[in-house]
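Data from run02.txt: compact mmCIF, C-alpha atoms
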```txt
# COMPACT_ATOMS: atom_id res chain seq x y z
CA MET M 1 -127.98 -37.76 -153.19
CA PRO M 2 -130.15 -36.16 -155.91
CA THR M 3 -131.99 -33.01 -154.94
CA TYR M 4 -135.78 -32.76 -155.04
CA HIS M 5 -135.66 -30.90 -158.35
CA GLU M 6 -133.30 -33.49 -159.84
CA ARG M 7 -135.61 -36.32 -158.75
CA MET M 8 -138.63 -34.55 -160.23
CA ALA M 9 -136.78 -33.91 -163.49
CA GLU M 10 -135.83 -37.60 -163.71
CA GLN M 11 -139.40 -38.69 -162.99
CA LYS M 12 -140.69 -36.40 -165.74
CA ARG M 13 -138.04 -37.66 -168.15
CA THR M 14 -139.06 -41.26 -167.43
CA ALA M 15 -142.72 -40.39 -167.96
CA ILE M 16 -141.90 -38.73 -171.28
CA VAL M 17 -139.83 -41.68 -172.53
CA ASP M 18 -142.51 -44.19 -171.48
CA ALA M 19 -145.29 -42.17 -173.09
CA ALA M 20 -143.32 -41.71 -176.31
CA THR M 21 -142.52 -45.41 -176.58
CA GLY M 22 -146.19 -46.34 -176.17
CA LEU M 23 -147.42 -43.74 -178.65
CA PHE M 24 -144.75 -44.54 -181.25
CA LEU M 25 -145.83 -48.18 -181.12
CA GLU M 26 -149.55 -47.38 -181.16
CA SER M 27 -149.67 -44.62 -183.79
CA GLY M 28 -146.29 -44.68 -185.48
CA TYR M 29 -143.34 -42.34 -185.23
CA ASP M 30 -144.56 -39.97 -187.94
CA LYS M 31 -148.09 -39.51 -186.55
CA THR M 32 -147.01 -38.93 -182.96
CA SER M 33 -146.41 -35.27 -182.15
CA LEU M 34 -144.34 -33.97 -179.26
CA ALA M 35 -147.46 -32.17 -178.01
CA ARG M 36 -149.33 -35.46 -177.83
CA ILE M 37 -146.42 -37.07 -176.00
CA ALA M 38 -146.40 -34.23 -173.46
CA ASP M 39 -150.10 -34.69 -172.86
CA ALA M 40 -149.76 -38.46 -172.40
CA ALA M 41 -146.81 -37.98 -170.04
CA GLY M 42 -148.66 -35.42 -167.96
CA VAL M 43 -146.09 -32.70 -168.48
CA SER M 44 -146.18 -29.31 -170.15
CA LYS M 45 -144.90 -28.85 -173.66
CA ALA M 46 -142.28 -26.48 -172.26
CA THR M 47 -141.00 -29.22 -169.95
CA LEU M 48 -140.80 -31.72 -172.79
CA PHE M 49 -139.05 -29.29 -175.16
CA LYS M 50 -136.56 -28.42 -172.43
CA GLN M 51 -135.48 -32.07 -172.18
CA PHE M 52 -136.04 -33.12 -175.81
CA PRO M 53 -136.10 -30.23 -178.33
CA THR M 54 -136.84 -32.62 -181.24
CA LYS M 55 -138.55 -35.95 -181.75
CA ALA M 56 -135.30 -37.40 -183.07
CA GLU M 57 -133.51 -36.51 -179.83
CA LEU M 58 -136.32 -38.17 -177.87
CA PHE M 59 -135.96 -41.35 -179.91
CA ASP M 60 -132.19 -41.26 -179.35
CA ALA M 61 -132.84 -41.14 -175.61
CA ILE M 62 -135.26 -44.07 -175.81
CA VAL M 63 -132.70 -46.24 -177.60
CA THR M 64 -129.89 -45.23 -175.24
CA ASP M 65 -132.03 -46.00 -172.19
CA TYR M 66 -133.10 -49.41 -173.44
CA TRP M 67 -129.55 -50.49 -174.27
CA ARG M 68 -127.87 -49.06 -171.17
CA THR M 69 -126.07 -51.76 -169.19
CA GLU M 70 -125.93 -51.92 -165.42
CA GLU M 71 -123.92 -49.29 -163.59
CA GLY M 72 -120.23 -50.07 -163.63
CA ALA M 73 -120.51 -52.97 -166.09
CA LEU M 74 -117.19 -53.40 -167.84
CA THR M 75 -115.89 -55.69 -170.55
CA PRO M 76 -114.31 -58.74 -168.84
CA GLN M 77 -110.55 -58.92 -168.63
CA PRO M 78 -109.00 -61.60 -170.87
CA GLY M 79 -107.63 -64.77 -169.37
CA ASP M 80 -110.73 -66.89 -168.73
CA PRO M 81 -112.80 -66.97 -171.92
CA GLY M 82 -115.46 -69.27 -170.49
CA LYS M 83 -116.15 -66.91 -167.61
CA GLY M 84 -115.87 -63.78 -169.75
CA LEU M 85 -118.17 -65.00 -172.51
CA THR M 86 -120.72 -66.20 -169.97
CA ALA M 87 -120.79 -62.75 -168.36
CA LEU M 88 -121.26 -61.06 -171.75
CA GLY M 89 -123.89 -63.57 -172.80
CA ASN M 90 -125.91 -63.10 -169.63
CA ARG M 91 -125.65 -59.33 -170.00
CA TYR M 92 -126.97 -59.63 -173.57
CA VAL M 93 -129.94 -61.70 -172.42
CA ALA M 94 -130.70 -59.11 -169.75
CA LEU M 95 -130.75 -56.38 -172.40
CA LEU M 96 -132.82 -58.30 -174.94
CA THR M 97 -135.44 -59.32 -172.37
CA ARG M 98 -135.71 -55.86 -170.83
CA PRO M 99 -139.37 -54.72 -170.73
CA GLY M 100 -140.13 -52.71 -173.85
CA MET M 101 -137.22 -53.96 -175.98
CA VAL M 102 -139.53 -55.86 -178.31
CA ALA M 103 -141.70 -52.75 -178.65
CA LEU M 104 -138.64 -50.69 -179.56
CA PHE M 105 -137.65 -53.10 -182.33
CA ARG M 106 -141.22 -53.13 -183.64
CA ILE M 107 -141.22 -49.34 -183.85
CA VAL M 108 -137.97 -49.36 -185.82
CA ILE M 109 -139.04 -52.15 -188.17
CA ALA M 110 -142.41 -50.50 -188.87
CA GLU M 111 -140.99 -47.03 -189.48
CA ALA M 112 -137.57 -47.73 -191.02
CA PRO M 113 -138.78 -47.67 -194.66
CA ARG M 114 -139.91 -44.04 -194.22
CA PHE M 115 -137.46 -43.02 -191.50
CA PRO M 116 -134.22 -44.95 -192.09
CA GLU M 117 -132.51 -42.78 -189.48
CA LEU M 118 -134.44 -44.68 -186.81
CA GLY M 119 -132.75 -47.91 -187.84
CA GLN M 120 -129.38 -46.16 -187.85
CA THR M 121 -130.03 -44.81 -184.36
CA GLN M 122 -131.07 -48.23 -183.05
CA PHE M 123 -127.90 -49.75 -184.49
CA LYS M 124 -125.36 -47.03 -183.62
CA LEU M 125 -126.63 -46.17 -180.12
CA GLY M 126 -128.01 -49.59 -179.23
CA LYS M 127 -126.66 -52.79 -180.69
CA GLN M 128 -123.34 -51.53 -182.07
CA PRO M 129 -121.70 -50.54 -178.76
CA PHE M 130 -122.48 -53.93 -177.22
CA PHE M 131 -121.34 -55.76 -180.34
CA ASP M 132 -118.09 -53.79 -180.30
CA ALA M 133 -117.50 -54.77 -176.67
CA VAL M 134 -117.86 -58.47 -177.52
CA ARG M 135 -115.66 -58.12 -180.61
CA ASP M 136 -112.96 -56.32 -178.62
CA TYR M 137 -113.12 -58.93 -175.86
CA LEU M 138 -112.63 -61.77 -178.33
CA ALA M 139 -109.74 -59.90 -179.92
CA ALA M 140 -108.20 -59.42 -176.46
CA GLU M 141 -108.48 -63.15 -175.73
CA HIS M 142 -106.77 -63.81 -179.06
CA GLU M 143 -103.93 -61.47 -178.13
CA ALA M 144 -103.68 -63.14 -174.71
CA GLY M 145 -103.29 -66.51 -176.42
CA THR M 146 -106.35 -68.08 -174.78
CA LEU M 147 -108.50 -68.12 -177.93
CA ASP M 148 -107.60 -68.42 -181.59
CA VAL M 149 -110.00 -65.82 -183.02
CA ARG M 150 -108.65 -64.53 -186.30
CA ASP M 151 -111.94 -62.90 -187.28
CA PRO M 152 -113.41 -61.38 -184.10
CA ILE M 153 -116.23 -59.68 -186.02
CA LEU M 154 -117.48 -63.02 -187.36
CA ALA M 155 -117.04 -64.72 -183.99
CA ALA M 156 -118.96 -61.96 -182.18
CA THR M 157 -121.73 -62.19 -184.78
CA GLN M 158 -122.00 -65.95 -184.29
CA PHE M 159 -121.93 -65.74 -180.49
CA LEU M 160 -124.58 -63.04 -180.18
CA GLY M 161 -126.67 -64.61 -182.93
CA MET M 162 -126.88 -67.93 -181.11
CA ILE M 163 -128.19 -66.16 -178.03
CA SER M 164 -130.62 -63.73 -179.68
CA ASN M 165 -132.15 -66.43 -181.88
CA PHE M 166 -133.42 -68.08 -178.71
CA ALA M 167 -133.81 -65.23 -176.24
CA PHE M 168 -135.24 -62.50 -178.45
CA TRP M 169 -136.34 -63.04 -182.04
CA PRO M 170 -139.18 -65.52 -181.32
CA ARG M 171 -140.71 -62.78 -179.13
CA MET M 172 -141.25 -60.67 -182.23
CA LEU M 173 -143.77 -63.18 -183.57
CA LEU M 174 -144.86 -65.35 -180.65
CA MET M 175 -146.72 -63.37 -177.99
CA ASN M 176 -146.43 -66.18 -175.43
CA TRP M 177 -142.70 -66.85 -175.93
CA ALA M 178 -141.29 -66.73 -172.40
CA PRO M 179 -138.44 -69.17 -171.75
CA THR M 180 -137.49 -69.74 -168.12
CA GLU M 181 -134.36 -68.23 -166.61
CA LYS M 182 -132.87 -71.71 -166.58
CA ALA M 183 -133.54 -72.10 -170.30
CA MET M 184 -131.98 -68.70 -170.99
CA ALA M 185 -128.89 -69.59 -168.97
CA HIS M 186 -128.63 -72.88 -170.86
CA SER M 187 -128.75 -71.06 -174.21
CA VAL M 188 -125.90 -68.80 -173.08
CA ASP M 189 -123.88 -71.78 -171.86
CA GLU M 190 -124.36 -73.60 -175.17
CA ALA M 191 -123.26 -70.50 -177.11
CA VAL M 192 -120.17 -70.21 -174.90
CA GLN M 193 -119.30 -73.86 -175.33
CA THR M 194 -119.69 -73.58 -179.10
CA ILE M 195 -117.30 -70.62 -179.27
CA LEU M 196 -114.80 -72.39 -177.03
CA ALA M 197 -115.00 -75.58 -179.10
CA ARG M 198 -114.28 -73.59 -182.25
CA HIS M 199 -111.68 -71.14 -180.94
CA GLU M 200 -110.08 -72.38 -177.71
CA VAL M 201 -106.33 -72.70 -178.07
CA THR M 202 -105.02 -76.27 -178.06
CA ALA M 203 -101.55 -77.65 -178.54
CA ALA M 204 -102.25 -77.90 -182.28
CA THR M 205 -103.62 -74.37 -182.68
CA GLY M 206 -100.89 -72.98 -180.47
CA ALA M 207 -98.25 -74.56 -182.70
CA ALA M 208 -100.00 -73.25 -185.81
CA ARG M 209 -100.09 -69.70 -184.42
CA ALA M 210 -96.42 -69.91 -183.50
```

Could you write out this structure as structure tokens?
Amino acid sequence: MPTYHERMAEQKRTAIVDAATGLFLESGYDKTSLARIADAAGVSKATLFKQFPTKAELFDAIVTDYWRTEEGALTPQPGDPGKGLTALGNRYVALLTRPGMVALFRIVIAEAPRFPELGQTQFKLGKQPFFDAVRDYLAAEHEAGTLDVRDPILAATQFLGMISNFAFWPRMLLMNWAPTEKAMAHSVDEAVQTILARHEVTAATGAARA
């Protein structure tokens, strides 16, 4: 069980990350100082600098927090691609619809021309690890002989793209875009069925691989 001081440190860290996200979106990354973030978070500058010595490290923490999956979440074991892809698809929806994710993307898009490192951070610490997990899972299903996926990078791109084009990207432009959980689940199921229809091993594909 966390100690009192550990709980207080975590509460202050959360306040700092929340304040920074709001200020980055409101005023831009460049015009938001660490001192202003400390003031908005209700912490001293010394406390903020102790946790995040630079603004870049604070942004890294924001991206990592927003893309963190649930505790103990692991890439599915190969053998049942329908079940495995559904689990990954639902996990992706949960990440993309997490409160603040749209704001994070808007910060990156607005500031990337002047601070390209923000886009690199969002990709390397955020999207890339999840993409790699899906790519590796598809490759594992190929090795197991359950899917015929000769280009797992392309297949992962197609799978995640089908989901994000419904669950996330309309939110960037349409303020009232809020599909129901049932609609989200249906979009994942359709993406899974599309991948299975294209890559599931049949007698013909099995013979061709042999």

Which residue out of M:Ala41, M:Leu96, M:Ala9, M:Val134 has the minimum interatomic distance to M:Thr157 when all atoms listed in the file are used?
M:Val134

Quick one: of M:His5, M:Lys182, M:His199, M:Lys31, who's nearest to M:Asp151, counting only C-alpha atoms?
M:His199

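Separating atom CA of M:Phe24 from atom CA of M:Gly100 is a distance of 12.0 Å.
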
Point out the residue among M:Val63, M:Val149, M:Val43, M:Val93 with the least atom-to-atom distance to M:Phe168, counting only C-alpha atoms.
M:Val93

Would you mind telling me which residue in M:Asp18, M:Asp148, M:Glu10, M:Asp80 lies nearest to M:Ala38 when using all atoms listed in the file?
M:Asp18

Residue nearest M:Asn165 among M:Ala191, M:Leu58, M:Ala94, M:Ala35 (counting all atoms listed in the file):
M:Ala191

Kindly indicate which residue among M:Gln122, M:Thr146, M:Thr14, M:Asn176 lies nearest to M:Phe105, using all atoms listed in the file for the distances.
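Among the listed residues, the smallest separation from M:Phe105 belongs to M:Gln122.
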
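Neighbours of M:Ala183 closer than or equal to 12 Å, with all atoms listed in the file counted and sequence neighbours fewer than 6 positions away skipped, come out as M:Asn90, M:Val93, M:Ile163, M:Phe166, M:Ala167, M:Trp177, M:Asp189, M:Glu190.
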
What does the structure give for the distance between atom CA of M:Pro99 and atom CA of M:Lys124, in Å to one decimal?
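We find that atom CA of M:Pro99 and atom CA of M:Lys124 lie 20.5 Å from each other.
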